[in-house]
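Asker: One structure, pasted below without further comment.
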Amino acid sequence: MPVIDVKHLTKTYKTYKRGAGMGQTFKSFFQREEVMVHAVNDISFAIEQGEICGILGPNGAGKSTAIKMLCGALYPTSGEIQVLGYSPARDRKRYVGKIGAVFGQKSQLIWDIPPIDSFNMNRAIYGIATPDFKSRLEELTELLDIAHVIEKPTRVLSLGERMKCEFVMAMLHQPDILFLDEPTIGLDVIAKVKIREFVHQMNKKQNMTCILTTHDLEDVEELAHRVIVINHGEKVFDDSLQRLKLFLGEKKRVSFTFSESVQGTVFDNAYTKVIDRPSDFQITLEVDTAYISISDFLEDISRKHRFSDISVKELPIQQVVMNIYENAGGY
Amino acid sequence: MNSLKHNWLICRTVAGVTYKEWSAYRTHSMVSVIVGPVYFMVQYFIWTAVYGGHSSLGGMALPEMIRYFGATALIGYLIMDFADWNLSMLVRTGKFLTFHLRPIHHRSFALFQKLGHRSLGFLFEFLPCLLIFIFIFGVDMRPASLPWTFLSVLLAFLMNFYVNYMIGLTSFWLVQSSGIRSAFMLVSGIFSGALIPLDFFPHSLQVIQFFLPFQYMAYLPAMVFTGHYSLGGLELSIQQAVGIQAIAVLITFGLNELVRRQAMKQFTAVGA
Amino acid sequence: MKRYLDVYKQCMYSAAQSAVAYRMNFIVSSLITLVGNILFPLVTLLIYRAGTSFPGWSLYEVLLIQSVFTMSSGLSSVIFGGVLWTTMSHVREGSFEVILLKPLNPLFYIVATTFSTDSIGLLLGGISLFIFSAAHAGAISALYWLQFAGLFIAGTAVLAGLSLMMAAMSFKWVGNSRISELADSVLHIGKYPLPIFPKAVQAVASMIIPVGMIGFFPASALLGRAQASDFAAILPCFLFLAAGVWIYRHMIRLYEGVGG
């Protein structure tokens with residue numbers, strides 16, 4: 001029996017067109033044109049306990065609407081959601097006590113006072129017994145290495161420290177499912193690694209299920225067992241991380257700034273493809289790491305050219321979605 | 001001549017853009033259409049009760065008093081702005097720099113913005129409320145002299161702008177200028193005359209008003225509207241009153257320019 | 001129930017902590033709220049100073065109405081004052097689900113987390129003005145005090161209902177920071193002796209939007225001027241609060257997209 005069972009989930013919004021300019025201003029004062037938006041369109045999936053599932057998609061694809069419905073904050077227009085045996089929106093008050101959520105851009109900490117007071121607030125809200133609260137807090141702060149910051153006012157903490165505190169907020173009541181919405185947005189590499197490590201540990205130790213929306217492919221690669229890709233409100237991919245990598249062909253984007261002009265040099269070959277050549281000194285290549293490791297590739301390039309700057313990035317999410325569409329026949 | 005034309009073009013563009021920008025919030029002005037008449041109604045009944053047997057209070061008869069309150073409410077829609085808040089936000093967020101890099105004074109830009117913003121206010125606040133006052137409350141809203149009232153309101157428009165802008169300028173020195181702004185708004189609320197005509201204040205407070213900016217923003221234009229002006233025992237003709245108002249605006253402009261120059265020095269020195 | 005009390009206590013504690021963190025700001029904003037809200041007695045003062053009056057009401061009697069009004073506003077904005085602004089910013093930023101994620105009644109949660117220490121100054125100011133003007137009213141019997149207490153609570157319920165209605169409005173009127181002006185304007189009627197208004201306004205102010213209960217009726221009771229029929233106005237007050245609660249909850253349901 002899956003913990004999360006979603007069938008034919010659909011969410012439709014009504015919005016109004018707004019005009020500018022004198023005439024339109026006056027007209028729309030009295031009459032507005034309705035526009036229907038299908039934020040989520042007939043999505044079905046099931047998630048087993050202990051799975052970490054990444055939901056990927058470009059901005060505005062319907063990810064957040066979907067996660068809001070899973071959290072019980074929004075009623076579906078049609079379709080059915082069962083999580084832990086609850087219907088999230090209908091049984092909201094009982095249901096949300098069993099889940100935790102971290103929204104990368106919506107803080108739950110109180111800005112002007114130390115996190116410890118916010119934690120205490122959650123203790124009261126979730127009705128956590130004081131001894132449980134204490135031991136749990138100790139465990140979490142130790143895992144995240146933030147024992148020294150929780151007594152400082154939230155506003156003086158770094159973004160990474162604050163994010164870790166958000167995780168403590170979400171985990172104090174031992175949720176069965178953790179929802180993460182862009183949890184690493186804006187964080188530096190070290191904080192990202194620490195947070196991913198933490199999610200892994202919680203998943204292993206407590207068999208906690210985790211739903212993760214992001215547009216950072218790395219989050220998914222490091223954490224998820226399984227990936228669902230949503231675009232224009234529809235599910236376009238739902239399979240293991242391995243299968244997704246198959247589609248992507250394990251490609252990376254490498255950008256160089258060369259010390260001398262590389263005008264006329266040919267970079268295309270069996271495993272590299274030129275994406276962009278903004279000047280004679282700059283180039284962005286897509287490297288298929290299934291054929292050549294990044295270190296071999298770099299060695300090869302540096303033998304031929306001198307470069308002053310380099311960056312290695314994951315494929316942007318739009319590219320992933322396009323690849324999936326291109327390979328749709330095989331799926 | 002060419003520069004005048006150029007400035008006029010900028011003015012029209014900035015005002016037009018501001019008008020469009022705020023059109024999105026035009027329903028907000030519907031609040032005024034309810035709030036204005038409700039306040040006016042309360043004033044109407046307060047003063048009807050207070051006049052009781054008196055034929056004249058503070059030198060005004062009841063119908064005149066009602067006209068006075070109608071005028072202060074309407075003038076408010078024509079001249080209000082938040083130049084102070086705007087400027088302090090630009091300074092606090094560091095966006096002021098983007099104006100420093102453009103070939104235009106931010107003060108002119110803000111004044112043009114206010115023109116656009118108030119055109120919207122004219123359509124969606126002033127006109128509806130004027131019609132409500134005339135047709136629902138049956139108040140005679142004809143000014144004693146249209147040209148002089150127009151001129152006086154125009155001067156009040158500038159006065160309010162230069163004063164507010166000056167308060168906004170303080171944010172180049174102060175991190176938190178919101179305290180000053182709220183305090184100023186309070187004092188201005190009392191002494192502008194929108195709550196009660198300044199005639200009702202003790203004599204000394206009335207005399208001080210000639211040297212403070214507040215009466216020039218509401219009391220004076222509203223009195224010009226009613227056709228006779230008196231304050232601190234001084235009876236002035238409409239022409240004299242508007243003359244004094246013009247002088248006050250000039251002085252305020254001078255002060256504003258002085259503070260602005262200091263502020264620019266501060267800005268380029270500290271990069272605040 | 002115990003959990004709800006625990007949460008409220010924790011929220012009051014946090015609010016106090018925040019106020020302490022910005023002491024200066026807290027003091028200044030309390031003072032400004034206070035001064036801004038006791039301006040209207042100044043108008044009354046100036047009117048009486050000019051040798052005229054509200055017919056049938058002495059200066060201290062009118063000040064008593066206005067002090068009761070101020071006390072009631074203070075109390076209500078300490079408890080409910082933050083609801084409008086918090087709702088407004090959550091709706092504008094699309095973060096209202098943070099509230100829906102708590103295993104609590106969302107309305108309670110929002111009221112609890114917006115405990116406004118800033119308005120304590122206003123409450124204290126109202127109390128001072130009240131003591132001052134009540135001292136001029138002569139001896140007040142225990143019965144009158146009792147009547148006053150009942151009517152005062154009803155008046156505070158009206159203010160609470162009004163706050164909730166305004167907050168509910170901000171779900172629909174997204175980002176309109178002027179919503180509170182609507183409430184302020186209607187409240188203006190409650191600051192003066194009700195009999196100066198025409199019968200129709202009096203009826204609205206005691207039966208439909210019972211703003212008369214905020215200052216006028218409780219003060220009349222203290223002065224021994226209350227009539228039996230005045231007490232009938234208590235019922236609409238609590239109906240008004242109930243309507244506010246209902247509308248707010250309805251808006252939350254709309255936000256969740258029930259049937260939408």
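Note on naming: chains are A, B, ... as they come in the structure tokens, residues start from 1 per chain, ligands start from 1 in the order shown.
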Could you list, as a list of chain:residue names, the residues of chain B having an atom within 8 Å of chain A when counting only C-alpha atoms?

Answerer: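 Close enough to count are B:Lys20, B:Ser23, B:Ala24, B:Thr27.
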
Asker: Within stretch 118-270 of chain B, find each residue whose DSSP state, derived from the backbone, is alpha helix (DSSP H), and express the selection as a count of residues only.

Answerer: 98

Asker: Excluding B:Ala183 and any residue of its chain fewer than 6 positions from it, enumerate the residues within 10 Å of it, using only C-alpha atoms, and give them as a list in words.

Answerer: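 After dropping sequence-adjacent residues, the list is Gly189 of chain B; Val28, Ser29, Leu31, Ile32, Val35 and Gly36 of chain C.
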
Asker: Save out the residues we just selected, C-alpha atoms, as an mmCIF file, in the first residue's frame.

Answerer:
data_model
loop_
_atom_site.group_PDB
_atom_site.id
_atom_site.type_symbol
_atom_site.label_atom_id
_atom_site.label_comp_id
_atom_site.auth_asym_id
_atom_site.auth_seq_id
_atom_site.Cartn_x
_atom_site.Cartn_y
_atom_site.Cartn_z
ATOM 1 C CA GLY B 189 -3.067 66.095 10.407
ATOM 2 C CA VAL C 28 8.289 55.240 19.046
ATOM 3 C CA SER C 29 5.595 53.288 17.260
ATOM 4 C CA LEU C 31 3.754 56.591 21.058
ATOM 5 C CA ILE C 32 2.715 57.413 17.523
ATOM 6 C CA VAL C 35 -0.960 60.157 19.822
ATOM 7 C CA GLY C 36 -2.604 59.420 16.474
#

Asker: Please identify every residue of chain B that has at least one atom no more than 7 Å from any atom of chain C, counting only C-alpha atoms, and report them as a VMD selection string.

Answerer: chain B and resid 28 31 35 38 to 39 42 45 to 46 49 to 50 179 183 186 196 200 to 201

Asker: With C-alpha atoms retained, write the just-selected residues as a tab-separated table (two decimals), in the first residue's frame.

Answerer:
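File again-v7.tsv, as written:
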chain	number	residue	atom	x	y	z
B	28	HIS	CA	-7.92	50.90	-4.43
B	31	VAL	CA	-11.88	53.00	-0.99
B	35	VAL	CA	-14.22	56.69	3.05
B	38	VAL	CA	-18.45	58.74	5.35
B	39	TYR	CA	-15.99	61.12	7.02
B	42	VAL	CA	-19.80	62.54	10.24
B	45	PHE	CA	-23.72	65.95	11.59
B	46	ILE	CA	-21.12	66.93	14.18
B	49	ALA	CA	-25.28	69.58	16.16
B	50	VAL	CA	-22.55	71.91	17.37
B	179	GLY	CA	9.56	57.82	12.83
B	183	ALA	CA	5.39	62.28	13.51
B	186	LEU	CA	0.44	63.53	12.84
B	196	ILE	CA	-11.17	71.39	12.39
B	200	PHE	CA	-10.68	77.20	16.58
B	201	PHE	CA	-7.11	76.99	17.84

Asker: Among stretch 63-244 of chain B, which residues does DSSP mark as strand (DSSP E) when it is run on the backbone? Keep the chain and numbering as in the structure and answer as a ChimeraX atom specification.

Answerer: /B:229-231,234-236

Asker: Report as a PyMOL selection string all protein, DNA and RNA residues lying within 9 Å of C:Ile38, evaluated on only C-alpha atoms, omitting residues in the same chain fewer than 3 positions from it.

Answerer: chain C and resi 33-35+41-42+66-67+70+122+125-126

Asker: C:Ala137: which residues within 12 Å, counting only C-alpha atoms, same-chain residues fewer than 6 positions away excluded, as a PDB file with C-alpha atoms, in the first residue's frame?

Answerer:
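Written out: part17.pdb:
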ATOM      1  CA  TRP C  57     -23.522  66.562  26.551  1.00  0.00           C
ATOM      2  CA  SER C  58     -20.905  68.155  28.739  1.00  0.00           C
ATOM      3  CA  LEU C  59     -17.244  68.111  27.703  1.00  0.00           C
ATOM      4  CA  TYR C  60     -16.331  65.365  30.171  1.00  0.00           C
ATOM      5  CA  GLU C  61     -19.224  63.225  29.070  1.00  0.00           C
ATOM      6  CA  VAL C  62     -18.092  63.388  25.460  1.00  0.00           C
ATOM      7  CA  LEU C  63     -14.510  62.716  26.532  1.00  0.00           C
ATOM      8  CA  LEU C  64     -15.792  59.700  28.439  1.00  0.00           C
ATOM      9  CA  ILE C  65     -17.332  58.315  25.243  1.00  0.00           C
ATOM     10  CA  PHE C 130     -10.927  57.169  30.921  1.00  0.00           C
ATOM     11  CA  ILE C 131      -9.841  57.608  34.537  1.00  0.00           C
ATOM     12  CA  ALA C 219     -20.252  55.403  28.377  1.00  0.00           C
ATOM     13  CA  SER C 220     -23.989  56.135  28.616  1.00  0.00           C
ATOM     14  CA  ALA C 221     -24.347  53.187  30.971  1.00  0.00           C
ATOM     15  CA  LEU C 222     -21.651  54.620  33.246  1.00  0.00           C
ATOM     16  CA  LEU C 223     -23.417  57.949  33.257  1.00  0.00           C
ATOM     17  CA  GLY C 224     -26.690  56.249  34.138  1.00  0.00           C
ATOM     18  CA  ARG C 225     -28.182  57.331  30.854  1.00  0.00           C
TER      19      ARG C 225
END

Asker: Give me, as a tab-separated table, each residue of chain A that comes within 7 Å of chain C, together with its shortest interatomic pair and the distance in Å at one decimal, counting only C-alpha atoms, with rows ordered by chain and rising residue number.

Answerer:
residue	atom	partner	partner_atom	distance
A:Ala73	CA	C:Glu97	CA	5.4
A:Leu74	CA	C:Glu256	CA	4.1
A:Tyr75	CA	C:Gly257	CA	5.2
A:Thr77	CA	C:Gly260	CA	6.7
A:Lys93	CA	C:Pro103	CA	4.5
A:Arg94	CA	C:Pro103	CA	6.2
A:Val96	CA	C:Pro103	CA	5.5
A:Gly97	CA	C:Pro103	CA	5.2
A:Lys106	CA	C:Ser95	CA	6.6
A:Asp112	CA	C:Ser18	CA	5.4
A:Ile113	CA	C:Ser18	CA	5.9
A:Asp117	CA	C:Ser14	CA	6.9
A:Met121	CA	C:Gln10	CA	5.8
A:Ala124	CA	C:Val7	CA	5.0
A:Ile125	CA	C:Val7	CA	5.7
A:Tyr126	CA	C:Pro103	CA	6.7
A:Gly127	CA	C:Arg3	CA	6.2

Asker: Considering only C-alpha atoms, state which residue in the set A:Thr272, A:Asn122, A:Gly264, A:Tyr86 is at the smallest distance from A:Asp300.

Answerer: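 Under the stated criterion, the closest residue is A:Thr272.
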
Asker: Name all residues at most 10 Å from C:Phe238 (count only C-alpha atoms; drop same-chain ones fewer than 6 positions away) and give them as an mmCIF file with N, CA, C and O atoms, in the first residue's frame.

Answerer:
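Result file result-v3.cif:
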data_model
loop_
_atom_site.group_PDB
_atom_site.id
_atom_site.type_symbol
_atom_site.label_atom_id
_atom_site.label_comp_id
_atom_site.auth_asym_id
_atom_site.auth_seq_id
_atom_site.Cartn_x
_atom_site.Cartn_y
_atom_site.Cartn_z
ATOM 1 N N ILE C 153 -17.554 44.841 26.614
ATOM 2 C CA ILE C 153 -17.148 43.589 25.970
ATOM 3 C C ILE C 153 -17.837 43.453 24.609
ATOM 4 O O ILE C 153 -17.208 43.099 23.603
ATOM 5 N N ALA C 154 -19.117 43.802 24.573
ATOM 6 C CA ALA C 154 -19.850 43.728 23.306
ATOM 7 C C ALA C 154 -19.207 44.661 22.279
ATOM 8 O O ALA C 154 -19.061 44.306 21.103
ATOM 9 N N GLY C 155 -18.793 45.851 22.723
ATOM 10 C CA GLY C 155 -18.164 46.802 21.807
ATOM 11 C C GLY C 155 -16.858 46.266 21.259
ATOM 12 O O GLY C 155 -16.557 46.425 20.072
ATOM 13 N N THR C 156 -16.075 45.608 22.131
ATOM 14 C CA THR C 156 -14.817 45.041 21.666
ATOM 15 C C THR C 156 -15.083 43.916 20.652
ATOM 16 O O THR C 156 -14.325 43.737 19.697
ATOM 17 N N ALA C 157 -16.188 43.196 20.855
ATOM 18 C CA ALA C 157 -16.555 42.149 19.888
ATOM 19 C C ALA C 157 -16.818 42.758 18.517
ATOM 20 O O ALA C 157 -16.446 42.191 17.491
ATOM 21 N N VAL C 158 -17.441 43.943 18.487
ATOM 22 C CA VAL C 158 -17.696 44.613 17.209
ATOM 23 C C VAL C 158 -16.380 44.921 16.503
ATOM 24 O O VAL C 158 -16.215 44.663 15.309
ATOM 25 N N ALA C 160 -13.530 43.442 16.907
ATOM 26 C CA ALA C 160 -12.921 42.193 16.459
ATOM 27 C C ALA C 160 -13.567 41.742 15.157
ATOM 28 O O ALA C 160 -12.877 41.365 14.197
ATOM 29 N N GLY C 161 -14.901 41.825 15.111
ATOM 30 C CA GLY C 161 -15.614 41.421 13.901
ATOM 31 C C GLY C 161 -15.197 42.259 12.710
ATOM 32 O O GLY C 161 -14.956 41.751 11.616
ATOM 33 N N PRO C 210 -22.702 47.706 14.500
ATOM 34 C CA PRO C 210 -22.983 48.352 15.792
ATOM 35 C C PRO C 210 -21.796 49.130 16.370
ATOM 36 O O PRO C 210 -21.338 48.850 17.474
ATOM 37 N N GLY C 244 -18.144 38.134 11.153
ATOM 38 C CA GLY C 244 -16.735 38.331 10.813
ATOM 39 C C GLY C 244 -15.994 37.008 10.767
ATOM 40 O O GLY C 244 -15.247 36.734 9.824
#
